[in-house]
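Trainee: The structure follows.
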Amino acid sequence: MFIKEYISDIYHAVKSLLTGMKTTGGYFIRPGEIITQQYPENRADLNLSERFRGEVVMIHDENNEHACTGCTACELACPNATIKIITKFDVSPDGKKKKALDTFVYHLELCTMCNLCVEACPTDAIKMAQNFEHSVYDRSKLTKKLNQPGSKIREGVE
Amino acid sequence: MFSLEGLTNSLQQWLNAHFSSTWVLVIESLLVILLAITLFAILGLVLVLMERKVAAHMQIRLGPNRVGPMGMFQTTADTLKLIMKEGLTPDGADKFLFNLAPFVVMIVAMLLLAPIPFAQNFQIWDINIGVLFVSAVSSISVIGILMAGWASNNKYSLLGAMRSGAQIVSYELSAGLSIITIVVLTGSLQLSDIVSSQQNGWWIFKGHIPAFIAFVIFIIAVTAETNRAPFDMAEAESELTAGFHTEYSGMKFALFFLAEYINIFIVCAIGATLFLGGWMPLHIGNLEGFNHIMDYIPSSVWFFGKVFFLIFLIMWFRWTFPRLRIDQLLNLEWKYLLPISMLNLLLVTIMAIMGWHF
Amino acid sequence: MNAAAIIFYIISAFILGTGILAVTTRKIFRSAIWLLFSLIGIAALYFWMQVEFIAAVQIIVYVGGIVVLIIFSIFLTQRSGAQMAAPAAKRNIFAILAALFGFAFSYNLISQYEFPASATQPFVVNVADIGERMLSLSEHGFVLPFELVSMLLLAAMIGCIVIAMKIPENRKGRIISPPDTSEIQINPVPEPQKEEVL
């Protein structure tokens, strides 16, 4: 019984090792599957993966309207104080005061692209974009204002 | 037809015609030393590049591709960088042994080059104890590693050296036993005899399954003896930073690095000589035409082709298998490889006595 | 003096120099390394005499085996980095005297032996002949010592395994109490506590 176990041990070990070698050997002889991106050369046709996260942007539609209510859910969700929301009070035509977004300040230099703000947003106003060429000569340029000038909240978003 | 034998013979004739016999010996020794060092440098550059390229392609990457065409000069650039770097000696280290250790490892690698037949009649020293010399001298390299590990005055280095010592001493056994199977079949320790006994077929084919088992065990054992992954317990980047060469930098580190690759080349050369016929071309039975075509390929090309095939095999292991734990490593040797190779040796002995091989 | 003699003297000087360093150095690890070089020098001497088989065996047994074992035992036992205290003068004198006595004894023996000129003719040692002589039953065969050494080594190996073997827990003579009884023993203790709490 011991001998049988011993031989079957060796058999299974060799078999599993050969399976591994088949996988890597297969990759070796199929250079077509290489996923390396040669970045500066292929800048025009970059092939970024779907889940790659480069920066936070705010979605604006063609009427320069966004969906941000200024609820600060993203600011609270952020683990390292990347987002600062400055709110103002809009006065509606019927005289009611309503809280609205004034400035969405985004500190790119603090952001770790963790996606928590996007998940926290109740109105899907922000998303992660794939732009990754962030290098600038001055640190202050990394502090961004995400809502476009003159933009306002879309009708019907509460 | 190009052959290294003709080259050496004409050189010998020219030297004999112009100098006295003592000076011929001196000049030839110097030439051999020069050639050995050149071979070392070229092998270091080529093998490191090959390793990186093979690793990259097995991990669906491209590997070095910026310095020169296809990244061919990457290793040259790395070597230049290493030469420029400062060779630090840590405080509290045993300075003499610390500086001596890389040279011990390197000199052992150089000595091992002597009995290898690179091509037909192209061998530095056709010593009559061939393979015994190889296994004897290669056992000194563990001293270099122990010396480096102890002299560094660093706990990681010492741990790495101890592991490496235990590993090399135990895997020498099964490597030796699988070498002996071929010695039993050939009846000689001399490497040129072993090569010429494979005139009508390589031992891996002539020796049936036992020779193949011996070959597999030999490859596993020498992978462990050269401290390569999956047996790189001595270096184990993730546990011991870099094992016995943690404290080395600059050219001294480069010597260790070079010696590792030279050792791979040497063990693969020994494996190719013992099991794959050394510089012997591939001959199949009675296919006269096929055999003649194979004879037209120079013997040095055959030798280097086989050696690089084995090196590729060992690199393939490295980039496929995960590292073993130290107890698994010793279990593998003492519970599996050693008993199997002993039984295998017995089988081969019976085969050799009964004349069952071709 | 020809080249062979010069090489002989160089090797001999190397052996003696490293040998002296091995006994005079204060660091035990260095001492082992000097011993190693001395043994390699002896192997070189065998190579010089063209008895390659003996040279290779010298390297395998002494350098690859014994010195590695010595180094391991130094690593595991000694404070290998520290300087050792200088030995007492009395010990030094006796050590030198013992060495001189040994030297005089062997010199006396060697000088009395007149080396016949015929013995210096070159000889070729075939490894196959060595192997056959080891197992030969004839007058100059070594089969009896060979087998005796094999038995001794086998006995030593079995002894090592027995010493190193881990004895299974339940065979040490200690009776492990079955779990049922232990539960019964433990249970009565917490119950009074419960009553107290209640």
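Chain lettering (A, B, ...) mirrors the order of the structure tokens, residue numbering begins at 1 for each chain separately, and ligand numbering begins at 1 in order of display.
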Give as a VMD selection string every residue of chain A that touches chain B within 8 Å, counting only C-alpha atoms.
Mentor: chain A and resid 17 20 to 21 24 to 28 31 33 to 36
Trainee: Taking only C-alpha atoms into account, which residues of chain B are within 7 Å of chain C, as a list in words?
Mentor: Ile129, Leu132, Phe133, Ala136, Ser139, Ile140 and Ile143 of chain B
Trainee: Keeping C-alpha atoms, export the residues of the selection given above as a compact mmCIF listing (two decimals), in the first residue's frame.
Mentor:
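Output (part_25.txt):
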```
# COMPACT_ATOMS: atom_id res chain seq x y z
CA ILE B 129 38.84 11.13 -14.20
CA LEU B 132 34.82 12.78 -10.95
CA PHE B 133 36.89 15.95 -11.33
CA ALA B 136 34.85 17.09 -6.86
CA SER B 139 31.74 20.73 -4.23
CA ILE B 140 34.17 23.57 -3.43
CA ILE B 143 32.65 26.90 0.57
```
Trainee: At what distance in Å, to one decimal, does CA of Leu21 in chain C lie from CA of Phe244 in chain B?
Mentor: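 About the pair CA of Phe244 in chain B and CA of Leu21 in chain C: they are 25.6 Å apart.
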Trainee: Can you tell me, as a count of residues only, what residues are no more than 6 Å from range 79-83 of chain B when counting only C-alpha atoms, ignoring any on the same chain fewer than 2 positions away?
Mentor: 5
Trainee: What separation in Å, quoted to one decimal, exists between CA of Gly277 in chain B and CA of Gln198 in chain B?
Mentor: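 According to the coordinates, CA of Gly277 in chain B and CA of Gln198 in chain B are separated by 5.6 Å.
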Trainee: Show which residues sit within 10 Å of Pro79 in chain A, as a list in words. Count only C-alpha atoms, and ignore same-chain residues fewer than 5 positions away.
Mentor: Cys74, Leu110, Cys111, Thr112, Cys114, Leu116 and Cys117 of chain A
Trainee: Measure the distance from CA of Glu109 in chain A to CA of Gln148 in chain A in Å and round it to one decimal.
Mentor: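 CA of Gln148 in chain A lies at a distance of 20.0 Å from CA of Glu109 in chain A.
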Trainee: What parts of range 42-169 of chain C does DSSP call helix (DSSP H, G or I)? I'd like the answer as a PyMOL selection string.
Mentor: chain C and resi 42-48+52-77+89-112+117-120+127-134+143-164+169
Trainee: With a distance cut-off of 12 Å and only C-alpha atoms, select the neighbouring residues of Gly176 in chain B, excluding the residue or stretch itself and same-chain residues fewer than 2 positions from it, and output the selection as a PyMOL selection string.
Mentor: (chain B and resi 131-136+138-139+168-174+178-183+214-215+217-219+221-222+225+267+270-271+337-338+341-342+345) or (chain C and resi 60)
Trainee: Using only C-alpha atoms, find each residue in range 115-136 of chain A having at least one atom no more than 12 Å away from range 65-71 of chain A; report its shortest atom-to-atom pair and that distance in Å (one decimal), rows by chain then rising number, as a Markdown table.
Mentor:
```
| residue | atom | partner | partner_atom | distance |
| --- | --- | --- | --- | --- |
| A:Cys117 | CA | A:Cys71 | CA | 11.9 |
| A:Val118 | CA | A:Cys68 | CA | 11.7 |
| A:Ala120 | CA | A:Cys71 | CA | 10.5 |
| A:Cys121 | CA | A:Cys68 | CA | 8.6 |
| A:Pro122 | CA | A:Cys71 | CA | 8.8 |
| A:Thr123 | CA | A:Ala67 | CA | 6.2 |
| A:Asp124 | CA | A:Ala67 | CA | 7.0 |
| A:Ala125 | CA | A:Ala67 | CA | 4.7 |
| A:Ile126 | CA | A:Cys68 | CA | 7.9 |
| A:Lys127 | CA | A:Ala67 | CA | 11.5 |
```
